[in-house]
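Asker: Input structure: work_22.pdb, which contains PDB, C-alpha atoms.
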```pdb
MODEL        1
ATOM      1  CA  MET A   1     -10.827  -0.938  15.975
ATOM      2  CA  GLN A   2     -14.481  -1.849  15.345
ATOM      3  CA  LYS A   3     -15.961   1.456  16.425
ATOM      4  CA  GLU A   4     -13.444   3.537  14.501
ATOM      5  CA  MET A   5     -13.710   1.405  11.352
ATOM      6  CA  THR A   6     -17.497   1.665  11.409
ATOM      7  CA  GLN A   7     -17.127   5.438  11.543
ATOM      8  CA  PHE A   8     -14.492   5.342   8.807
ATOM      9  CA  ASN A   9     -16.674   3.264   6.476
ATOM     10  CA  GLU A  10     -19.567   5.692   6.879
ATOM     11  CA  MET A  11     -17.269   8.644   6.169
ATOM     12  CA  PHE A  12     -15.622   6.961   3.190
ATOM     13  CA  LYS A  13     -18.932   5.935   1.603
ATOM     14  CA  GLY A  14     -20.258   9.444   2.135
ATOM     15  CA  SER A  15     -17.228  10.947   0.413
ATOM     16  CA  LEU A  16     -17.857   8.727  -2.636
ATOM     17  CA  SER A  17     -21.522   9.656  -3.004
ATOM     18  CA  ASN A  18     -22.741  12.197  -5.524
ATOM     19  CA  ASN A  19     -26.126  13.285  -6.861
ATOM     20  CA  ASP A  20     -24.940  13.199 -10.461
ATOM     21  CA  GLY A  21     -26.217   9.996 -12.077
ATOM     22  CA  LEU A  22     -23.215   8.841 -14.137
ATOM     23  CA  LEU A  23     -20.601  10.005 -11.650
ATOM     24  CA  ASN A  24     -22.425   8.348  -8.776
ATOM     25  CA  ASN A  25     -22.782   5.118 -10.770
ATOM     26  CA  ILE A  26     -19.026   4.968 -11.320
ATOM     27  CA  LEU A  27     -18.289   5.830  -7.685
ATOM     28  CA  GLN A  28     -20.641   3.074  -6.525
ATOM     29  CA  HIS A  29     -18.905   0.687  -8.926
ATOM     30  CA  ILE A  30     -15.623   1.521  -7.186
ATOM     31  CA  LEU A  31     -17.154   1.097  -3.730
ATOM     32  CA  GLN A  32     -18.378  -2.393  -4.614
ATOM     33  CA  ARG A  33     -14.781  -3.585  -4.732
ATOM     34  CA  GLY A  34     -14.636  -3.406  -0.978
ATOM     35  CA  GLY A  35     -11.050  -3.962   0.038
ATOM     36  CA  LYS A  36      -9.250  -4.811   3.249
ATOM     37  CA  ARG A  37      -8.875  -1.142   4.308
ATOM     38  CA  MET A  38      -5.293  -1.841   5.379
ATOM     39  CA  ARG A  39      -4.288   1.810   5.197
ATOM     40  CA  PRO A  40      -7.078   3.390   7.263
ATOM     41  CA  ILE A  41      -6.663   0.646   9.869
ATOM     42  CA  LEU A  42      -2.964   1.517  10.107
ATOM     43  CA  THR A  43      -3.634   5.266  10.274
ATOM     44  CA  LEU A  44      -6.160   4.907  13.086
ATOM     45  CA  LEU A  45      -4.140   2.293  14.948
ATOM     46  CA  VAL A  46      -1.054   4.521  14.928
ATOM     47  CA  ALA A  47      -3.115   7.531  16.020
ATOM     48  CA  LYS A  48      -4.622   5.660  18.964
ATOM     49  CA  SER A  49      -1.323   4.059  19.930
ATOM     50  CA  LEU A  50       0.611   7.326  19.972
ATOM     51  CA  TYR A  51      -2.209   9.146  21.723
ATOM     52  CA  TYR A  52      -2.128   6.524  24.451
ATOM     53  CA  ASN A  53       1.676   6.746  24.645
ATOM     54  CA  ASN A  54       1.371  10.415  25.531
ATOM     55  CA  HIS A  55      -1.758  10.253  27.682
ATOM     56  CA  GLY A  56      -1.557   6.738  29.064
ATOM     57  CA  ALA A  57      -0.999   7.804  32.652
ATOM     58  CA  LEU A  58      -4.480   9.328  32.680
ATOM     59  CA  TYR A  59      -6.226   6.360  31.070
ATOM     60  CA  ARG A  60      -4.236   3.311  32.082
ATOM     61  CA  ASN A  61      -7.283   1.510  33.469
ATOM     62  CA  ILE A  62      -9.710   2.323  30.673
ATOM     63  CA  VAL A  63     -10.264  -0.596  28.283
ATOM     64  CA  SER A  64     -11.802   1.423  25.448
ATOM     65  CA  VAL A  65      -9.287   4.001  24.323
ATOM     66  CA  HIS A  66     -11.990   5.507  22.138
ATOM     67  CA  ASP A  67     -13.843   6.484  25.315
ATOM     68  CA  ALA A  68     -10.613   7.915  26.692
ATOM     69  CA  LEU A  69     -10.152  10.011  23.575
ATOM     70  CA  THR A  70     -13.706  11.285  23.861
ATOM     71  CA  ALA A  71     -13.160  12.216  27.488
ATOM     72  CA  GLN A  72      -9.943  14.075  26.687
ATOM     73  CA  ASP A  73     -10.737  15.681  23.355
ATOM     74  CA  LYS A  74     -13.804  14.942  21.208
ATOM     75  CA  GLY A  75     -12.045  16.244  18.103
ATOM     76  CA  VAL A  76      -8.961  14.027  18.223
ATOM     77  CA  MET A  77     -10.356  10.866  16.676
ATOM     78  CA  ASN A  78     -12.466  12.823  14.208
ATOM     79  CA  LYS A  79      -9.268  14.401  12.898
ATOM     80  CA  SER A  80      -7.703  10.957  12.603
ATOM     81  CA  LEU A  81     -10.769   9.705  10.729
ATOM     82  CA  HIS A  82     -10.583  12.505   8.169
ATOM     83  CA  ALA A  83      -6.878  11.763   7.757
ATOM     84  CA  SER A  84      -7.533   8.072   7.129
ATOM     85  CA  CYS A  85     -10.327   8.900   4.692
ATOM     86  CA  SER A  86      -8.153  11.309   2.704
ATOM     87  CA  LEU A  87      -5.408   8.682   2.390
ATOM     88  CA  GLU A  88      -7.800   5.946   1.258
ATOM     89  CA  LEU A  89      -9.286   8.320  -1.313
ATOM     90  CA  LEU A  90      -5.854   9.211  -2.657
ATOM     91  CA  HIS A  91      -4.974   5.522  -2.836
ATOM     92  CA  THR A  92      -8.271   4.797  -4.629
ATOM     93  CA  ALA A  93      -7.664   7.582  -7.154
ATOM     94  CA  SER A  94      -4.176   6.261  -7.866
ATOM     95  CA  LEU A  95      -5.576   2.771  -8.534
ATOM     96  CA  VAL A  96      -8.145   4.126 -10.994
ATOM     97  CA  HIS A  97      -5.393   5.999 -12.840
ATOM     98  CA  ASP A  98      -2.988   3.033 -12.668
ATOM     99  CA  ASP A  99      -5.560   0.826 -14.387
ATOM    100  CA  VAL A 100      -5.685   3.295 -17.263
ATOM    101  CA  VAL A 101      -1.886   3.404 -17.522
ATOM    102  CA  ASP A 102      -1.610  -0.402 -17.344
ATOM    103  CA  GLN A 103      -4.663  -0.960 -19.566
ATOM    104  CA  ALA A 104      -5.944  -3.307 -16.851
ATOM    105  CA  ASP A 105      -9.309  -4.997 -17.343
ATOM    106  CA  GLU A 106      -9.797  -6.057 -13.712
ATOM    107  CA  ARG A 107      -9.256  -4.701 -10.230
ATOM    108  CA  ARG A 108      -9.852  -6.990  -7.219
ATOM    109  CA  GLY A 109     -11.751  -9.494  -9.303
ATOM    110  CA  GLN A 110     -14.215  -7.074 -10.893
ATOM    111  CA  PRO A 111     -14.031  -5.028 -14.114
ATOM    112  CA  SER A 112     -11.892  -1.898 -13.800
ATOM    113  CA  VAL A 113     -13.467   1.528 -14.348
ATOM    114  CA  ASN A 114     -11.730   1.944 -17.694
ATOM    115  CA  ALA A 115     -12.981  -1.489 -18.823
ATOM    116  CA  SER A 116     -16.557  -0.895 -17.631
ATOM    117  CA  TYR A 117     -16.771   2.655 -19.004
ATOM    118  CA  ASN A 118     -13.769   4.118 -20.868
ATOM    119  CA  ASN A 119     -10.361   5.672 -20.269
ATOM    120  CA  ARG A 120     -11.655   9.240 -20.429
ATOM    121  CA  LEU A 121     -14.250   8.688 -17.696
ATOM    122  CA  ALA A 122     -11.745   6.722 -15.599
ATOM    123  CA  VAL A 123      -9.268   9.615 -15.648
ATOM    124  CA  LEU A 124     -11.959  12.172 -14.847
ATOM    125  CA  VAL A 125     -13.389  10.143 -11.974
ATOM    126  CA  GLY A 126      -9.875   9.519 -10.671
ATOM    127  CA  ASP A 127      -9.366  13.296 -10.671
ATOM    128  CA  TYR A 128     -12.660  13.748  -8.800
ATOM    129  CA  ILE A 129     -11.620  11.267  -6.113
ATOM    130  CA  LEU A 130      -8.224  12.950  -5.817
ATOM    131  CA  SER A 131      -9.923  16.316  -5.281
ATOM    132  CA  THR A 132     -12.188  14.737  -2.671
ATOM    133  CA  SER A 133      -9.080  13.464  -0.898
ATOM    134  CA  LEU A 134      -7.743  17.011  -0.688
ATOM    135  CA  TYR A 135     -11.087  18.198   0.677
ATOM    136  CA  GLU A 136     -11.087  15.519   3.388
ATOM    137  CA  VAL A 137      -7.597  16.418   4.613
ATOM    138  CA  SER A 138      -8.569  20.112   4.657
ATOM    139  CA  LEU A 139     -11.176  19.227   7.306
ATOM    140  CA  CYS A 140      -8.291  18.387   9.648
ATOM    141  CA  HIS A 141      -7.396  22.114   9.668
ATOM    142  CA  ASP A 142      -3.717  21.236   9.893
ATOM    143  CA  ASP A 143      -1.308  22.571   7.261
ATOM    144  CA  ARG A 144       1.234  19.880   8.144
ATOM    145  CA  MET A 145      -1.222  17.161   7.170
ATOM    146  CA  THR A 146      -2.248  18.916   3.951
ATOM    147  CA  SER A 147       1.403  19.268   2.964
ATOM    148  CA  ALA A 148       2.091  15.623   3.797
ATOM    149  CA  LEU A 149      -0.773  14.446   1.580
ATOM    150  CA  ALA A 150       0.363  16.689  -1.290
ATOM    151  CA  ARG A 151       3.933  15.357  -1.015
ATOM    152  CA  LEU A 152       2.571  11.823  -1.017
ATOM    153  CA  GLY A 153       0.737  12.506  -4.297
ATOM    154  CA  GLN A 154       3.984  13.746  -5.813
ATOM    155  CA  THR A 155       5.908  10.711  -4.568
ATOM    156  CA  LEU A 156       3.362   8.207  -5.892
ATOM    157  CA  SER A 157       3.415   9.855  -9.320
ATOM    158  CA  ARG A 158       7.206  10.029  -9.342
ATOM    159  CA  GLY A 159       7.381   6.331  -8.506
ATOM    160  CA  GLU A 160       5.032   5.450 -11.355
ATOM    161  CA  VAL A 161       7.130   7.479 -13.812
ATOM    162  CA  GLN A 162      10.329   5.846 -12.577
ATOM    163  CA  GLN A 163       8.760   2.412 -12.972
ATOM    164  CA  GLN A 164       7.931   3.207 -16.591
ATOM    165  CA  GLN A 165      11.496   4.439 -17.069
ATOM    166  CA  ASN A 166      12.875   1.211 -15.570
ATOM    167  CA  ILE A 167      10.964  -0.847 -18.131
ATOM    168  CA  SER A 168      13.001   0.752 -20.926
ATOM    169  CA  ASP A 169      16.264   0.287 -18.978
ATOM    170  CA  THR A 170      18.145  -2.807 -20.118
ATOM    171  CA  SER A 171      19.759  -3.430 -16.703
ATOM    172  CA  PHE A 172      18.319  -5.701 -14.008
ATOM    173  CA  SER A 173      18.810  -3.463 -10.980
ATOM    174  CA  ILE A 174      17.585  -4.568  -7.550
ATOM    175  CA  GLN A 175      18.366  -1.072  -6.240
ATOM    176  CA  ALA A 176      16.078   0.480  -8.860
ATOM    177  CA  TYR A 177      13.351  -1.979  -7.816
ATOM    178  CA  TYR A 178      13.566  -0.865  -4.179
ATOM    179  CA  GLU A 179      13.555   2.794  -5.223
ATOM    180  CA  VAL A 180      10.305   2.259  -7.119
ATOM    181  CA  ILE A 181       8.481   0.287  -4.412
ATOM    182  CA  THR A 182       9.634   2.766  -1.766
ATOM    183  CA  GLN A 183       7.943   5.531  -3.730
ATOM    184  CA  LYS A 184       4.930   3.626  -5.057
ATOM    185  CA  THR A 185       3.949   1.586  -2.002
ATOM    186  CA  ALA A 186       6.090   2.179   1.077
ATOM    187  CA  SER A 187       5.502   5.942   0.873
ATOM    188  CA  LEU A 188       1.758   5.373   1.287
ATOM    189  CA  PHE A 189       2.169   3.236   4.398
ATOM    190  CA  GLU A 190       4.664   5.768   5.734
ATOM    191  CA  ALA A 191       2.155   8.561   5.095
ATOM    192  CA  CYS A 192      -0.527   6.628   6.993
ATOM    193  CA  CYS A 193       1.765   6.606   9.999
ATOM    194  CA  LEU A 194       2.706  10.257   9.511
ATOM    195  CA  LEU A 195      -0.863  11.551   9.250
ATOM    196  CA  GLY A 196      -1.987   9.308  12.101
ATOM    197  CA  ALA A 197       0.780  10.713  14.281
ATOM    198  CA  LEU A 198       0.146  14.315  13.239
ATOM    199  CA  SER A 199      -3.577  13.941  13.918
ATOM    200  CA  VAL A 200      -2.830  13.406  17.627
ATOM    201  CA  ASP A 201       0.034  15.938  17.772
ATOM    202  CA  ALA A 202       2.656  13.303  18.572
ATOM    203  CA  PRO A 203       6.206  14.512  19.383
ATOM    204  CA  GLN A 204       8.631  14.667  16.439
ATOM    205  CA  GLU A 205      10.752  11.843  17.820
ATOM    206  CA  ASP A 206       7.699   9.549  17.837
ATOM    207  CA  ILE A 207       6.770  10.687  14.327
ATOM    208  CA  ASP A 208      10.213   9.856  12.928
ATOM    209  CA  LYS A 209      10.195   6.367  14.441
ATOM    210  CA  VAL A 210       6.672   5.436  13.390
ATOM    211  CA  CYS A 211       7.284   6.700   9.847
ATOM    212  CA  GLU A 212      10.267   4.363   9.540
ATOM    213  CA  PHE A 213       8.011   1.569  10.787
ATOM    214  CA  GLY A 214       5.458   2.443   8.114
ATOM    215  CA  LYS A 215       8.055   2.481   5.342
ATOM    216  CA  ASN A 216       9.371  -0.952   6.342
ATOM    217  CA  LEU A 217       5.818  -2.269   6.524
ATOM    218  CA  GLY A 218       5.085  -0.954   3.028
ATOM    219  CA  ILE A 219       8.137  -2.685   1.600
ATOM    220  CA  ILE A 220       6.948  -5.985   3.099
ATOM    221  CA  PHE A 221       3.503  -5.406   1.597
ATOM    222  CA  GLN A 222       4.856  -4.825  -1.914
ATOM    223  CA  ILE A 223       7.302  -7.735  -1.911
ATOM    224  CA  ARG A 224       4.466 -10.004  -0.765
ATOM    225  CA  ASP A 225       2.267  -8.609  -3.524
ATOM    226  CA  ASP A 226       4.988  -9.243  -6.097
ATOM    227  CA  ILE A 227       5.373 -12.874  -4.990
ATOM    228  CA  PHE A 228       1.690 -13.425  -5.822
ATOM    229  CA  ASP A 229       2.516 -12.850  -9.491
ATOM    230  CA  TYR A 230       4.394 -16.160  -9.602
ATOM    231  CA  TYR A 231       1.404 -18.297  -8.582
ATOM    232  CA  ASP A 232      -2.106 -18.987  -9.869
ATOM    233  CA  SER A 233      -4.870 -17.589  -7.680
ATOM    234  CA  LYS A 234      -8.219 -16.096  -8.686
ATOM    235  CA  GLY A 235      -8.511 -14.418  -5.281
ATOM    236  CA  ILE A 236      -5.561 -12.143  -5.923
ATOM    237  CA  GLY A 237      -7.382 -10.281  -8.683
ATOM    238  CA  LYS A 238      -4.653 -10.446 -11.329
ATOM    239  CA  PRO A 239      -3.451 -13.301 -13.526
ATOM    240  CA  THR A 240      -0.101 -15.032 -13.032
ATOM    241  CA  GLY A 241       2.730 -13.242 -14.797
ATOM    242  CA  ASN A 242       0.760 -10.020 -15.112
ATOM    243  CA  ASP A 243       3.695  -7.884 -13.925
ATOM    244  CA  MET A 244       5.922  -9.398 -16.606
ATOM    245  CA  LYS A 245       3.256  -8.822 -19.252
ATOM    246  CA  GLU A 246       3.503  -5.138 -18.306
ATOM    247  CA  GLY A 247       7.298  -5.189 -18.570
ATOM    248  CA  LYS A 248       7.951  -5.260 -14.829
ATOM    249  CA  LEU A 249      10.654  -7.454 -13.296
ATOM    250  CA  THR A 250      10.218  -7.805  -9.534
ATOM    251  CA  LEU A 251      12.473  -8.956  -6.708
ATOM    252  CA  PRO A 252      12.302 -12.771  -7.156
ATOM    253  CA  VAL A 253      13.357 -12.721 -10.806
ATOM    254  CA  LEU A 254      15.825  -9.869 -10.287
ATOM    255  CA  PHE A 255      17.591 -12.014  -7.705
ATOM    256  CA  VAL A 256      18.112 -14.948 -10.066
ATOM    257  CA  LEU A 257      19.189 -12.611 -12.865
ATOM    258  CA  ASN A 258      21.856 -11.131 -10.571
ATOM    259  CA  ASP A 259      22.894 -14.336  -8.773
ATOM    260  CA  THR A 260      26.601 -14.695  -9.512
ATOM    261  CA  SER A 261      26.792 -18.031  -7.667
ATOM    262  CA  SER A 262      24.440 -19.572 -10.236
ATOM    263  CA  PRO A 263      24.531 -17.513 -13.457
ATOM    264  CA  CYS A 264      21.408 -17.605 -15.631
ATOM    265  CA  PRO A 265      21.506 -19.385 -18.977
ATOM    266  CA  THR A 266      21.549 -17.016 -21.926
ATOM    267  CA  GLU A 267      18.027 -18.155 -22.819
ATOM    268  CA  ILE A 268      16.662 -16.885 -19.478
ATOM    269  CA  THR A 269      18.467 -13.556 -19.714
ATOM    270  CA  GLU A 270      17.131 -13.059 -23.227
ATOM    271  CA  ILE A 271      13.568 -13.741 -22.070
ATOM    272  CA  ALA A 272      13.998 -11.147 -19.308
ATOM    273  CA  LYS A 273      15.149  -8.612 -21.903
ATOM    274  CA  LYS A 274      12.118  -9.447 -24.032
ATOM    275  CA  VAL A 275       9.890  -8.894 -20.997
ATOM    276  CA  LYS A 276      11.253  -5.373 -20.723
ATOM    277  CA  ARG A 277      10.681  -4.838 -24.445
ATOM    278  CA  LEU A 278       7.076  -6.073 -23.979
ATOM    279  CA  SER A 279       7.706  -8.738 -26.603
ATOM    280  CA  ALA A 280       7.840 -11.927 -24.472
ATOM    281  CA  SER A 281       5.261 -14.588 -25.269
ATOM    282  CA  GLU A 282       3.104 -16.175 -22.574
ATOM    283  CA  GLU A 283       5.104 -19.386 -22.891
ATOM    284  CA  GLU A 284       8.362 -17.475 -22.393
ATOM    285  CA  ILE A 285       6.935 -15.734 -19.333
ATOM    286  CA  ARG A 286       5.916 -19.107 -17.894
ATOM    287  CA  THR A 287       9.461 -20.355 -18.525
ATOM    288  CA  LEU A 288      10.940 -17.345 -16.712
ATOM    289  CA  ILE A 289       8.545 -17.754 -13.776
ATOM    290  CA  LYS A 290       9.381 -21.461 -13.437
ATOM    291  CA  TYR A 291      13.119 -20.765 -13.570
ATOM    292  CA  THR A 292      12.732 -18.072 -10.911
ATOM    293  CA  CYS A 293      10.805 -20.392  -8.576
ATOM    294  CA  ASP A 294      13.205 -23.289  -9.139
ATOM    295  CA  HIS A 295      16.354 -21.225  -8.516
ATOM    296  CA  GLY A 296      15.604 -19.545  -5.198
ATOM    297  CA  GLY A 297      13.916 -16.326  -6.289
ATOM    298  CA  ILE A 298      10.862 -16.763  -4.086
ATOM    299  CA  ASN A 299      12.946 -17.852  -1.094
ATOM    300  CA  TYR A 300      15.166 -14.797  -1.502
ATOM    301  CA  ALA A 301      12.142 -12.471  -1.576
ATOM    302  CA  ARG A 302      10.677 -14.125   1.508
ATOM    303  CA  HIS A 303      13.975 -13.727   3.332
ATOM    304  CA  ALA A 304      13.996 -10.025   2.406
ATOM    305  CA  MET A 305      10.493  -9.679   3.867
ATOM    306  CA  GLU A 306      11.650 -11.337   7.078
ATOM    307  CA  GLU A 307      14.423  -8.758   7.488
ATOM    308  CA  TYR A 308      11.964  -5.871   7.246
ATOM    309  CA  TYR A 309       9.528  -7.754   9.478
ATOM    310  CA  LYS A 310      12.173  -7.896  12.227
ATOM    311  CA  LYS A 311      12.574  -4.120  12.013
ATOM    312  CA  CYS A 312       8.816  -3.692  12.429
ATOM    313  CA  GLU A 313       8.801  -6.058  15.392
ATOM    314  CA  ASP A 314      11.644  -4.111  16.949
ATOM    315  CA  TYR A 315       9.660  -0.869  16.704
ATOM    316  CA  ILE A 316       6.640  -2.416  18.396
ATOM    317  CA  ALA A 317       8.740  -3.922  21.187
ATOM    318  CA  LYS A 318      10.525  -0.656  21.932
ATOM    319  CA  GLU A 319       7.979   2.039  21.185
ATOM    320  CA  VAL A 320       4.424   0.725  21.744
ATOM    321  CA  ASN A 321       3.693   1.021  25.448
ATOM    322  CA  ASN A 322       0.230  -0.498  25.647
ATOM    323  CA  PRO A 323       0.047  -4.325  25.330
ATOM    324  CA  LYS A 324      -3.293  -4.134  23.510
ATOM    325  CA  PHE A 325      -1.838  -1.925  20.785
ATOM    326  CA  ALA A 326       1.353  -3.972  20.649
ATOM    327  CA  GLU A 327      -0.723  -7.092  20.059
ATOM    328  CA  ALA A 328      -2.901  -5.383  17.430
ATOM    329  CA  MET A 329       0.092  -4.005  15.522
ATOM    330  CA  THR A 330       1.860  -7.374  15.659
ATOM    331  CA  LEU A 331      -1.225  -9.073  14.233
ATOM    332  CA  TYR A 332      -1.304  -6.406  11.515
ATOM    333  CA  ILE A 333       2.267  -7.007  10.346
ATOM    334  CA  GLN A 334       1.779 -10.780  10.610
ATOM    335  CA  TYR A 335      -1.175 -10.466   8.278
ATOM    336  CA  VAL A 336       0.823  -8.344   5.811
ATOM    337  CA  ILE A 337       3.670 -10.841   5.576
ATOM    338  CA  GLY A 338       1.447 -13.927   5.560
ATOM    339  CA  ARG A 339      -1.596 -12.800   3.564
ATOM    340  CA  ASP A 340      -2.922 -14.943   0.731
ATOM    341  CA  ILE A 341      -4.551 -12.076  -1.198
TER
ENDMDL
END
```
Would you kindly transcribe this structure into structure tokens?

Answerer:
Amino acid sequence: MQKEMTQFNEMFKGSLSNNDGLLNNILQHILQRGGKRMRPILTLLVAKSLYYNNHGALYRNIVSVHDALTAQDKGVMNKSLHASCSLELLHTASLVHDDVVDQADERRGQPSVNASYNNRLAVLVGDYILSTSLYEVSLCHDDRMTSALARLGQTLSRGEVQQQQNISDTSFSIQAYYEVITQKTASLFEACCLLGALSVDAPQEDIDKVCEFGKNLGIIFQIRDDIFDYYDSKGIGKPTGNDMKEGKLTLPVLFVLNDTSSPCPTEITEIAKKVKRLSASEEEIRTLIKYTCDHGGINYARHAMEEYYKKCEDYIAKEVNNPKFAEAMTLYIQYVIGRDI
């Protein structure tokens, strides 16, 4: 992926450059965060994999599939690059807006835009990045891809609203948790697979299967991210218990709250209710985190990840024809489930 990711980084940096002084300063502040670029890697990897699946007979002996793509159609990978750029821009815009909603002071270990400037500028710059995302996908000249990106924006926003609604709900629903993460996180990974597949005109059957793969992968990613909230680590970019400070109860604690084989003490249930009311103290949050870790919450969440991981493995085994891509995609999902940050 080195060649494609070099091209992506140049395109992404170019899309976040502007001659206006203040706007450019804020955009450069956002670019300094870096990031693992998990979503563009997935988009491009899916595009190359599915392209090879449908043209492999012609290029079975060519090591560099990028060269094969260039020989077949010089515009194919460029379309995939614009797709990956549009998705990363949309994701970036959503993070800028999320920090305003959550009143977050940090993002990936550096001050958030709203903390460094103010909420008004953060919202406006988030809107600018969102518009740039729409421009990038328009360069694909494919109405299906434009529609997919627009639907993704709707889904992400709907998930955020539902999450806020869940905070005011007094129940401890695991189903509601999965509904939120499916919309807020899994939908983005699914869209990466969808736009990657559309960019190489993959058959509908392939699109359906890879989208399911992407959704399962996104669920793993979010559960892993939620587990981080129960441990101290400066590398993660958010303090321990941050989700609970925002009124969010994630899978580990929801499991122990619903575990009929070992019912929670009233004290623990009351703390969970206070978390949802945004009235729990830091000491109470620490108590709830410790109880969750001691009573199988983390193990339950890890087991849930393993179940989705098996589904991802099954897709790769059955649907990815080229061993090089199979290995790359396996390494990708292994990183997602085992990552430390």

Asker: I'd like the contact shell of Tyr230 (chain A) - 8 Å cut-off, all atoms listed in the file, skipping same-chain residues fewer than 2 positions apart - returned as a list in words.

Answerer: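 Listed by chain and then number, they are Asp226, Ile227, Phe228, Asp232, Thr240, Gly241, Ile289 and Cys293 of chain A.
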
Asker: On this file, the PyMOL selection byres ((chain A and resi 297) around 8) gives some set of residues; write that set as an mmCIF file with C-alpha atoms, keeping the file's coordinate frame.

Answerer:
```cif
data_model
loop_
_atom_site.group_PDB
_atom_site.id
_atom_site.type_symbol
_atom_site.label_atom_id
_atom_site.label_comp_id
_atom_site.auth_asym_id
_atom_site.auth_seq_id
_atom_site.Cartn_x
_atom_site.Cartn_y
_atom_site.Cartn_z
ATOM 1 C CA LEU A 251 12.473 -8.956 -6.708
ATOM 2 C CA PRO A 252 12.302 -12.771 -7.156
ATOM 3 C CA VAL A 253 13.357 -12.721 -10.806
ATOM 4 C CA LEU A 254 15.825 -9.869 -10.287
ATOM 5 C CA PHE A 255 17.591 -12.014 -7.705
ATOM 6 C CA VAL A 256 18.112 -14.948 -10.066
ATOM 7 C CA THR A 292 12.732 -18.072 -10.911
ATOM 8 C CA CYS A 293 10.805 -20.392 -8.576
ATOM 9 C CA ASP A 294 13.205 -23.289 -9.139
ATOM 10 C CA HIS A 295 16.354 -21.225 -8.516
ATOM 11 C CA GLY A 296 15.604 -19.545 -5.198
ATOM 12 C CA ILE A 298 10.862 -16.763 -4.086
ATOM 13 C CA ASN A 299 12.946 -17.852 -1.094
ATOM 14 C CA TYR A 300 15.166 -14.797 -1.502
ATOM 15 C CA ALA A 301 12.142 -12.471 -1.576
#
```

Asker: Write out as a list in words the residues lying within 12 Å of Glu306 (chain A), counting all atoms listed in the file and excluding same-chain residues fewer than 4 positions away.

Answerer: Asn216, Leu217, Ile219, Ile220, Phe221, Ile223, Arg224, Asn299, Tyr300, Ala301, Arg302, Lys310, Lys311, Cys312, Glu313, Ile333, Gln334, Val336, Ile337 and Gly338 of chain A

Asker: Quick one: residues within 12 Å of region 29-31 of chain A, only C-alpha atoms, excluding same-chain residues fewer than 4 positions away - as a count of residues only?

Answerer: 36

Asker: Could you check the closest approach to Ser138 (chain A) for each of A:Glu270, A:Met1, A:Ala280, A:Ser86 and tell me which residue wins, using all atoms listed in the file?

Answerer: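 Smallest separation from Ser138 (chain A) among the options: A:Ser86.
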
Asker: Edge lengths and centre, in Å to one decimal, as AutoDock Vina command-line options: that's what I need for the box along x, y and z that holds all listed atoms of region 93-112 of chain A plus 4 Å on each side.

Answerer:
```
--center_x -7.9 --center_y -1.0 --center_z -13.4 --size_x 20.6 --size_y 25.1 --size_z 20.4
```

Asker: Between CA of Thr132 (chain A) and CA of Met329 (chain A), what is the distance, to one decimal in Å?

Answerer: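 It comes out at 28.9 Å.
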
Asker: Starting from the PyMOL selection byres ((chain A and resi 41) around 12), expand the selection into actual residues of this file and give them as a PyMOL selection string.

Answerer: chain A and resi 1-9+35-40+42-49+80-81+83-85+87-88+189+192-193+196+328-329+331-333

Asker: Can you tell me how far CA of Ile271 (chain A) sits from CA of Glu283 (chain A), in Å to one decimal?

Answerer: 10.2 Å

Asker: What is the CA of Lys215 (chain A)-CA of Thr330 (chain A) distance in Å, reported with one decimal?

Answerer: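 Separation between CA of Lys215 (chain A) and CA of Thr330 (chain A): 15.6 Å.
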
Asker: Since I can't run it myself right now, could you work out what the PyMOL selection byres ((chain A and resi 188) around 8) selects here and report it as a count of residues only?

Answerer: 14

Asker: Find, counting only C-alpha atoms, the residue in A:Leu124, A:Val180, A:Leu195, A:Leu139 that gets nearest to Arg151 (chain A).

Answerer: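 Looking at the shortest contact to Arg151 (chain A), the residue is A:Leu195.
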
Asker: Counting only C-alpha atoms, which of A:Asp201, A:Lys209, A:Cys264, A:Gln164 gets nearest to Leu278 (chain A)?

Answerer: A:Gln164

Asker: Give the answer as one residue: which of A:Val100, A:Gln165, A:Phe213, A:Glu179 has the shortest atom-to-atom distance to Val320 (chain A), using only C-alpha atoms?

Answerer: A:Phe213

Asker: Using all atoms listed in the file, determine which residues lie at most 9 Å from Ser173 (chain A), disregarding the query and same-chain residues fewer than 5 positions distant; provide the list as a PyMOL selection string.

Answerer: chain A and resi 166+178+254+258
